[in-house]
>>> print(open('final_21.csv').read())   # CSV, C-alpha atoms
chain,number,residue,atom,x,y,z
A,1,MET,CA,301.8,276.8,54.5
A,2,ARG,CA,300.6,273.4,55.7
A,3,ARG,CA,297.6,274.9,57.4
A,4,VAL,CA,296.6,276.8,54.2
A,5,ILE,CA,297.0,273.8,51.9
A,6,ARG,CA,295.4,271.1,54.0
A,7,SER,CA,292.5,273.3,55.2
A,8,ILE,CA,288.9,272.2,54.5
A,9,PRO,CA,287.8,273.5,51.1
A,10,VAL,CA,284.7,275.4,52.0
A,11,LEU,CA,283.6,279.0,51.4
A,12,SER,CA,283.0,281.3,54.2
A,13,THR,CA,279.3,281.0,53.5
A,14,GLU,CA,279.4,277.2,53.7
A,15,SER,CA,279.2,275.1,56.8
A,16,GLU,CA,282.5,273.4,57.8
A,17,ALA,CA,280.5,271.1,60.0
A,18,ARG,CA,278.3,270.0,57.1
A,19,PHE,CA,281.4,269.3,55.0
A,20,ASP,CA,283.0,267.4,57.9
A,21,ALA,CA,279.8,265.3,58.2
A,22,LEU,CA,279.9,264.5,54.5
A,23,ARG,CA,283.5,263.6,54.7
A,24,SER,CA,283.0,261.5,57.8
A,25,SER,CA,280.1,259.6,56.1
A,26,PHE,CA,282.4,258.8,53.2
A,27,ARG,CA,285.2,257.7,55.6
A,28,ASN,CA,282.7,255.6,57.5
A,29,ASP,CA,281.5,253.8,54.4
A,30,ILE,CA,284.9,253.4,52.7
A,31,LYS,CA,286.9,252.7,55.9
A,32,PRO,CA,290.2,253.8,54.4
A,33,ARG,CA,293.0,251.4,55.0
A,34,ASP,CA,295.9,253.7,54.1
A,35,THR,CA,296.9,257.2,53.0
A,36,ILE,CA,295.9,256.6,49.4
A,37,ASP,CA,292.5,255.4,50.5
A,38,ARG,CA,292.1,258.5,52.7
A,39,MET,CA,293.2,260.8,49.8
A,40,TYR,CA,290.5,259.3,47.5
A,41,CYS,CA,287.9,259.4,50.2
A,42,ASP,CA,288.5,263.1,50.9
A,43,ASP,CA,288.5,263.7,47.1
A,44,PHE,CA,285.1,262.1,46.6
A,45,ALA,CA,283.7,264.2,49.4
A,46,ALA,CA,285.2,267.4,48.1
A,47,LEU,CA,284.0,266.7,44.5
A,48,ASP,CA,280.4,266.1,45.8
A,49,TRP,CA,280.6,269.3,47.8
A,50,GLU,CA,281.7,271.3,44.8
A,51,LYS,CA,278.9,269.7,42.7
A,52,MET,CA,276.3,270.8,45.3
A,53,ARG,CA,277.8,274.3,45.3
A,54,LEU,CA,277.5,274.6,41.6
A,55,ARG,CA,273.9,273.3,41.5
A,56,ARG,CA,272.9,275.9,44.2
A,57,ALA,CA,274.6,278.6,42.1
A,58,MET,CA,272.7,277.4,39.0
A,59,VAL,CA,269.3,277.5,40.6
A,60,ALA,CA,269.9,280.9,42.2
A,61,THR,CA,271.1,282.3,38.8
A,62,LEU,CA,267.9,281.0,37.2
A,63,ASN,CA,265.7,282.4,40.0
A,64,PHE,CA,267.2,285.8,39.5
A,65,GLU,CA,266.4,285.6,35.8
A,66,VAL,CA,262.7,284.8,36.4
A,67,ARG,CA,261.9,288.5,36.9
A,68,ASN,CA,263.6,289.4,33.6
A,69,ALA,CA,262.0,286.5,31.9
A,70,LEU,CA,258.5,287.6,32.9
A,71,TYR,CA,259.1,291.1,31.5
A,72,GLU,CA,260.7,289.8,28.3
A,73,LEU,CA,257.9,287.4,27.6
A,74,LEU,CA,254.9,289.5,28.4
A,75,VAL,CA,256.2,292.9,27.2
A,76,GLU,CA,258.8,292.3,24.5
A,77,LYS,CA,257.6,289.0,22.9
A,78,LEU,CA,253.9,288.7,23.4
A,79,SER,CA,253.2,292.5,23.7
A,80,GLU,CA,250.5,291.7,26.3
A,81,LEU,CA,251.7,294.6,28.5
A,82,GLU,CA,252.9,298.1,27.9
A,83,ARG,CA,256.6,299.0,28.5
A,84,GLY,CA,257.3,301.0,31.7
A,85,GLN,CA,257.7,301.2,35.4
A,86,GLU,CA,254.1,300.3,36.1
A,87,THR,CA,254.4,297.0,34.3
A,88,VAL,CA,257.6,296.2,36.2
A,89,GLU,CA,255.8,296.8,39.4
A,90,TYR,CA,252.8,294.8,38.3
A,91,LEU,CA,255.1,291.9,37.3
A,92,ASP,CA,256.9,292.1,40.6
A,93,ARG,CA,253.6,291.3,42.2
A,94,TRP,CA,253.5,288.0,40.3
A,95,PHE,CA,255.9,286.7,43.0
A,96,VAL,CA,253.5,287.4,45.9
A,97,GLU,CA,249.9,287.8,44.6
A,98,GLU,CA,247.8,284.8,43.4
A,99,GLU,CA,245.6,287.2,41.5
A,100,VAL,CA,248.5,288.5,39.3
A,101,LYS,CA,249.7,285.0,38.9
A,102,ARG,CA,246.3,283.9,37.5
A,103,GLU,CA,246.2,286.9,35.2
A,104,VAL,CA,249.7,286.1,33.8
A,105,SER,CA,248.6,282.5,33.3
A,106,GLU,CA,245.6,283.6,31.4
A,107,MET,CA,247.7,285.9,29.1
A,108,LEU,CA,250.1,282.9,28.4
A,109,ALA,CA,247.2,280.6,27.8
A,110,LYS,CA,246.0,282.8,24.9
A,111,TYR,CA,249.1,281.5,23.1
A,112,ASN,CA,248.8,277.9,24.3
A,113,LEU,CA,251.6,278.5,26.8
A,114,ASP,CA,251.8,277.8,30.5
A,115,GLU,CA,254.2,278.8,33.3
A,116,SER,CA,256.9,276.5,32.1
A,117,VAL,CA,257.6,279.0,29.4
A,118,ILE,CA,258.8,281.5,32.1
A,119,GLU,CA,261.4,279.0,33.2
A,120,ALA,CA,262.5,278.4,29.6
A,121,GLU,CA,262.8,282.1,29.1
A,122,ALA,CA,264.9,282.3,32.3
A,123,PHE,CA,267.2,279.7,30.9
A,124,ARG,CA,267.5,281.7,27.7
A,125,GLN,CA,268.4,284.9,29.6
A,126,CYS,CA,271.7,283.5,31.1
A,127,PRO,CA,273.1,281.0,28.6
A,128,ARG,CA,276.8,281.9,29.2
A,129,GLU,CA,276.6,281.3,32.9
A,130,LEU,CA,274.7,278.1,32.6
A,131,GLU,CA,277.1,276.8,30.0
A,132,GLN,CA,280.0,277.5,32.3
A,133,ILE,CA,278.3,275.8,35.2
A,134,GLU,CA,277.5,272.8,33.1
A,135,TYR,CA,281.1,272.7,31.9
A,136,LEU,CA,282.3,272.7,35.5
A,137,LEU,CA,279.8,270.1,36.5
A,138,ALA,CA,280.8,267.8,33.6
A,139,GLY,CA,284.4,268.2,34.6
A,140,ILE,CA,283.6,267.2,38.2
A,141,GLU,CA,281.7,264.1,37.0
A,142,SER,CA,284.5,263.1,34.7
A,143,ARG,CA,287.1,263.5,37.4
A,144,ARG,CA,285.0,261.6,39.8
A,145,GLY,CA,284.4,258.8,37.3
A,146,LYS,CA,288.2,258.5,36.6
A,147,ALA,CA,289.1,258.6,40.3
A,148,LEU,CA,286.5,255.9,41.0
A,149,TYR,CA,287.8,253.7,38.1
A,150,ASN,CA,291.3,254.0,39.6
A,151,PHE,CA,290.1,253.4,43.1
A,152,THR,CA,288.4,250.2,42.1
A,153,PHE,CA,291.7,248.8,40.8
A,154,TYR,CA,292.7,248.0,44.4
A,155,ARG,CA,289.4,248.3,46.3
A,156,ARG,CA,287.1,246.3,44.0
A,157,ASP,CA,284.7,245.7,46.9
A,158,LEU,CA,283.8,249.4,47.1
A,159,ALA,CA,282.8,250.5,43.6
A,160,PRO,CA,279.0,249.8,43.8
A,161,LEU,CA,278.9,251.4,47.3
A,162,LEU,CA,280.5,254.6,46.0
A,163,ARG,CA,278.2,254.8,43.1
A,164,SER,CA,275.1,254.6,45.3
A,165,LYS,CA,276.7,257.0,47.7
A,166,ALA,CA,276.9,259.7,45.0
A,167,ILE,CA,273.2,259.4,44.2
A,168,GLU,CA,272.3,259.4,47.9
A,169,VAL,CA,274.3,262.6,48.5
A,170,MET,CA,272.6,264.5,45.7
A,171,GLN,CA,269.2,263.3,46.7
A,172,ASN,CA,269.5,264.1,50.4
A,173,ASP,CA,270.7,267.6,49.9
A,174,ASN,CA,267.7,269.9,49.8
A,175,ILE,CA,268.8,271.9,46.8
A,176,PRO,CA,266.5,274.8,46.1
A,177,GLN,CA,264.2,274.7,43.1
A,178,ILE,CA,263.7,277.1,40.3
A,179,GLU,CA,260.9,279.5,41.2
A,180,SER,CA,258.3,278.6,38.6
A,181,LYS,CA,258.9,274.9,39.1
A,182,ARG,CA,258.5,275.3,42.8
A,183,GLU,CA,255.2,277.0,42.3
A,184,SER,CA,253.9,274.3,40.0
A,185,SER,CA,254.9,271.5,42.3
A,186,ARG,CA,253.2,273.3,45.2
A,187,GLY,CA,250.1,273.5,43.0
A,188,ALA,CA,250.2,269.8,42.3
A,189,GLU,CA,250.2,269.1,46.0
B,1,MET,CA,314.8,295.9,2.0
B,2,THR,CA,317.2,296.3,5.0
B,3,SER,CA,320.5,297.7,4.0
B,4,GLU,CA,323.9,296.3,5.1
B,5,ARG,CA,324.4,299.5,7.1
B,6,GLN,CA,321.1,299.1,8.9
B,7,ILE,CA,321.8,295.4,9.7
B,8,ALA,CA,325.2,296.4,11.2
B,9,ALA,CA,323.6,299.2,13.2
B,10,ASN,CA,320.9,296.8,14.5
B,11,ARG,CA,323.6,294.3,15.6
B,12,ARG,CA,325.6,297.1,17.3
B,13,ASN,CA,322.5,298.2,19.2
B,14,ALA,CA,321.5,294.7,20.1
B,15,GLN,CA,324.9,294.4,22.0
B,16,LYS,CA,323.7,297.2,24.3
B,17,SER,CA,320.4,295.5,25.2
B,18,THR,CA,321.6,292.4,27.0
B,19,GLY,CA,318.8,292.4,29.7
B,20,PRO,CA,319.1,292.7,33.4
B,21,ARG,CA,322.6,292.2,34.9
B,22,SER,CA,322.0,292.2,38.7
B,23,ARG,CA,320.8,289.0,40.4
B,24,SER,CA,317.5,290.6,41.6
B,25,GLY,CA,316.9,292.0,38.1
B,26,LYS,CA,317.4,288.5,36.6
B,27,ARG,CA,315.1,287.1,39.2
B,28,ARG,CA,312.4,289.6,38.3
B,29,ALA,CA,312.8,289.2,34.6
B,30,ALA,CA,312.5,285.4,35.0
B,31,ARG,CA,308.9,286.0,36.0
B,32,ASN,CA,308.1,288.3,33.0
B,33,SER,CA,305.9,285.7,31.3
B,34,ARG,CA,304.3,284.4,34.5
B,35,LYS,CA,300.5,284.8,34.5
B,36,HIS,CA,299.0,282.8,37.4
B,37,GLY,CA,301.6,280.2,38.2
B,38,LEU,CA,299.1,277.3,38.1
B,39,ALA,CA,300.9,275.5,35.4
B,40,ALA,CA,304.2,275.4,37.4
B,41,PRO,CA,304.6,272.0,39.1
B,42,ILE,CA,304.9,272.3,42.9
B,43,SER,CA,307.7,269.7,43.0
B,44,GLY,CA,310.1,272.4,41.9
B,45,GLN,CA,309.1,274.8,44.6
B,46,THR,CA,311.1,274.7,47.8
B,47,GLU,CA,308.2,275.6,50.2
B,48,TYR,CA,306.4,272.4,49.1
B,49,ALA,CA,309.4,270.1,49.3
B,50,SER,CA,309.0,269.1,53.0
B,51,LEU,CA,305.3,268.6,52.5
B,52,ILE,CA,305.8,266.3,49.6
B,53,ASP,CA,308.5,264.4,51.5
B,54,LYS,CA,306.2,264.0,54.4
B,55,LEU,CA,303.2,262.8,52.4
B,56,ALA,CA,305.3,260.5,50.2
B,57,SER,CA,306.8,258.8,53.3
B,58,LYS,CA,303.3,258.3,54.7
B,59,ILE,CA,302.2,256.7,51.4
B,60,SER,CA,305.1,254.4,50.9
B,61,GLY,CA,305.3,253.5,54.6
B,62,LYS,CA,308.3,251.2,55.4
B,63,ILE,CA,308.9,250.2,51.8
B,64,ALA,CA,312.5,250.9,50.9
B,65,ASP,CA,312.3,250.2,47.1
B,66,PRO,CA,313.4,253.4,45.3
B,67,GLY,CA,311.0,252.9,42.4
B,68,ILE,CA,308.0,252.7,44.8
B,69,ARG,CA,309.2,255.6,46.8
B,70,GLU,CA,309.5,257.7,43.6
B,71,CYS,CA,305.9,256.7,42.7
B,72,ALA,CA,304.9,257.8,46.2
B,73,ARG,CA,306.5,261.2,45.6
B,74,LEU,CA,304.6,261.6,42.4
B,75,ILE,CA,301.4,260.8,44.1
B,76,ALA,CA,302.2,263.2,46.9
B,77,SER,CA,303.1,266.1,44.7
B,78,ALA,CA,300.0,265.6,42.4
B,79,GLN,CA,297.7,265.4,45.5
B,80,LEU,CA,299.2,268.6,46.9
B,81,GLU,CA,298.7,270.3,43.6
B,82,LEU,CA,295.1,269.3,43.7
B,83,ASP,CA,294.7,270.7,47.2
B,84,ARG,CA,296.3,273.9,46.0
B,85,PHE,CA,293.9,274.2,43.0
B,86,ARG,CA,291.0,273.7,45.4
B,87,HIS,CA,292.3,276.4,47.5
B,88,VAL,CA,292.7,278.7,44.5
B,89,GLN,CA,289.1,278.0,43.6
B,90,ILE,CA,287.9,279.0,47.0
B,91,GLY,CA,290.1,282.1,46.8
B,92,SER,CA,288.7,283.1,43.4
B,93,ILE,CA,285.1,282.9,44.7
B,94,GLU,CA,285.8,284.8,47.9
B,95,CYS,CA,287.7,287.5,46.0
B,96,GLY,CA,284.7,287.9,43.6
B,97,ARG,CA,282.5,288.4,46.6
B,98,MET,CA,284.8,291.0,48.3
B,99,PHE,CA,286.4,293.0,45.5
B,100,GLU,CA,284.6,292.7,42.2
B,101,PRO,CA,281.9,295.3,41.5
B,102,ASN,CA,278.5,294.1,40.6
B,103,ASP,CA,277.9,293.9,36.8
B,104,GLU,CA,275.2,295.7,35.0
B,105,GLN,CA,272.8,292.8,35.2
B,106,HIS,CA,272.5,292.7,39.0
B,107,ASP,CA,273.7,296.2,39.7
B,108,GLU,CA,270.2,297.8,39.4
B,109,GLY,CA,269.9,296.5,43.0
B,110,PRO,CA,268.4,298.4,45.9
B,111,PRO,CA,269.7,301.9,45.9
B,112,GLU,CA,267.2,303.5,48.3
B,113,GLY,CA,264.0,301.6,48.9
B,114,GLY,CA,265.6,298.1,48.9
B,115,HIS,CA,265.3,295.4,46.3
B,116,ALA,CA,262.3,295.2,44.0
B,117,ILE,CA,259.7,292.9,45.3
B,118,GLY,CA,260.6,290.1,42.9
B,119,VAL,CA,264.3,290.1,43.9
B,120,ASP,CA,263.4,290.4,47.5
B,121,PHE,CA,261.0,287.5,47.1
B,122,VAL,CA,263.7,285.3,45.5
B,123,ILE,CA,266.1,286.1,48.3
B,124,LYS,CA,263.4,285.3,51.0
B,125,ARG,CA,262.5,282.1,49.3
B,126,SER,CA,266.1,280.9,49.2
B,127,ARG,CA,267.2,279.2,52.3
B,128,SER,CA,269.2,282.3,53.3
B,129,PHE,CA,270.6,285.5,52.0
B,130,ARG,CA,274.0,283.8,52.3
B,131,GLU,CA,272.9,281.3,49.6
B,132,VAL,CA,272.1,284.1,47.1
B,133,ASP,CA,275.3,285.9,48.0
B,134,GLU,CA,277.3,282.7,47.5
B,135,ALA,CA,275.6,282.0,44.2
B,136,GLU,CA,276.4,285.5,43.0
B,137,ALA,CA,280.0,285.1,44.0
B,138,VAL,CA,280.2,281.8,42.2
B,139,ARG,CA,278.6,283.4,39.1
B,140,ARG,CA,281.2,286.1,39.1
B,141,ALA,CA,284.1,283.7,39.5
B,142,LEU,CA,282.9,281.3,36.7
B,143,PRO,CA,285.4,282.5,34.0
B,144,LYS,CA,288.3,281.9,36.5
B,145,LEU,CA,286.9,278.6,37.7
B,146,THR,CA,286.7,277.3,34.1
B,147,LYS,CA,290.4,278.1,33.7
B,148,ILE,CA,291.4,276.5,36.9
B,149,VAL,CA,289.5,273.2,36.2
B,150,ARG,CA,291.9,272.5,33.3
B,151,TYR,CA,294.9,272.4,35.6
B,152,GLU,CA,293.0,270.5,38.2
B,153,ARG,CA,292.1,267.8,35.7
B,154,ARG,CA,295.7,267.5,34.7
B,155,ALA,CA,296.9,267.1,38.3
B,156,ALA,CA,294.2,264.5,39.0
B,157,LYS,CA,295.3,262.5,36.0
B,158,LYS,CA,298.9,262.7,37.2
B,159,ARG,CA,297.9,261.4,40.6
B,160,ASP,CA,295.8,258.6,39.2
B,161,ASP,CA,298.6,257.5,36.9
B,162,ALA,CA,301.1,257.6,39.7
B,163,VAL,CA,298.7,255.5,42.0
B,164,ARG,CA,298.5,252.8,39.3
B,165,CYS,CA,302.3,252.8,38.9
B,166,PHE,CA,302.6,252.6,42.7
B,167,PHE,CA,300.4,249.5,42.9
B,168,ALA,CA,301.9,247.9,39.9
B,169,ALA,CA,305.4,248.3,41.3
B,170,ALA,CA,304.3,247.1,44.7
B,171,ALA,CA,302.7,244.0,43.2
B,172,MET,CA,305.8,243.1,41.1
B,173,PRO,CA,307.8,240.2,42.4
B,174,LYS,CA,311.3,241.3,43.4
B,175,PRO,CA,314.3,239.5,41.8
B,176,ALA,CA,316.1,237.2,44.2
B,177,LYS,CA,319.4,238.5,45.5
B,178,GLY,CA,322.4,236.9,43.9
B,179,GLY,CA,320.3,235.2,41.3
B,180,ARG,CA,321.3,235.0,37.7
>>> encode(input="final_21.csv", output="structure tokens")
Amino acid sequence: MRRVIRSIPVLSTESEARFDALRSSFRNDIKPRDTIDRMYCDDFAALDWEKMRLRRAMVATLNFEVRNALYELLVEKLSELERGQETVEYLDRWFVEEEVKREVSEMLAKYNLDESVIEAEAFRQCPRELEQIEYLLAGIESRRGKALYNFTFYRRDLAPLLRSKAIEVMQNDNIPQIESKRESSRGAE
Amino acid sequence: MTSERQIAANRRNAQKSTGPRSRSGKRRAARNSRKHGLAAPISGQTEYASLIDKLASKISGKIADPGIRECARLIASAQLELDRFRHVQIGSIECGRMFEPNDEQHDEGPPEGGHAIGVDFVIKRSRSFREVDEAEAVRRALPKLTKIVRYERRAAKKRDDAVRCFFAAAAMPKPAKGGR
């Protein structure tokens, strides 16, 4: 029972070593003095870990929807392309061929739209999942805020450090980007 | 309108349905309304008792004050509950990956010739296939996760309140022995 309960809260696809490193960095910064300190310290690490997991899930969900979004926009909404398997195959080439990408951009430009509309449509395709992920993320933020507030009651010196630590963790983690956004940022470079 | 005869018959019949009589039957019936067990506090569960005691004595250290020790017990049981919920979360995601069938949205998948180029491309562009697999498992577990988070929040509040009590009690000056 003990082994099960106190085990590291990572999925089989996640790296225990990375979680350990995150937890150690929290422990190094906070330098827990007693069991309660250690409890909060591990809690902060676990909450940040969960947050990263949810953000990865959110981006992957949106990336999957990009394909549906392309079809929905160009076939169903703008009627620029005919329904059918050929169109599906053509739109699949959007992911790999610059030529198709340019053609799609031209089609969108006729309606004063750019590639960001694909991302917006992808958002529209999975509202329930995104809402649930947002709900969970908000829950984590609120729990983290409350734990931090409590923690500062007896470790006043550490509050600013922990706040900056949370920002640092989220910035350092190389969270994947949504497909259309990644393309546009690459173009900007 | 129910007649007097019917009422009497109902009462007679009710005497025959008095529920399980054996000890094992009673134990089983006690769990009739159990759904997931997450709302049950672990402090009442025997398998957690020694863990709670151990963590509580680590928290309170050498302090003998019964009030402070009780606060430490509350902190310990809330913290172990939090650990349990975290574990349940992981289990829900892993179960989603292993047992739940794909839903219609992603089930079009690669029957013979592999994924369509678009999906393949998304998988390739992610840092690994594992990441996509993980995201899909999280997506499937979302309804369960949103339920668990409610209990998790409650346990966290319990722990935070107990920690405040602990420090308030520890900071309180003790009355002098024999004083008026």
>>> interface_residues(input="final_21.csv", of="chain A", to="chain B", cutoff="6 Å", atoms="all atoms listed in the file", output="PyMOL selection string")
chain A and resi 5+35+57+92+95
>>> atom_distance(input="final_21.csv", atom1="CA of Phe26 in chain A", atom2="CA of Phe44 in chain A")
7.9 Å
>>> atom_distance(input="final_21.csv", atom1="CA of Cys71 in chain B", atom2="CA of Ala169 in chain B")
8.5 Å
>>> atom_distance(input="final_21.csv", atom1="CA of Arg69 in chain B", atom2="CA of Lys54 in chain B")
11.7 Å
>>> closest_residue(input="final_21.csv", among="A:Leu148, A:Ala109, A:Ile118, A:Ala138", to="Phe64 in chain A", atoms="only C-alpha atoms")
A:Ile118
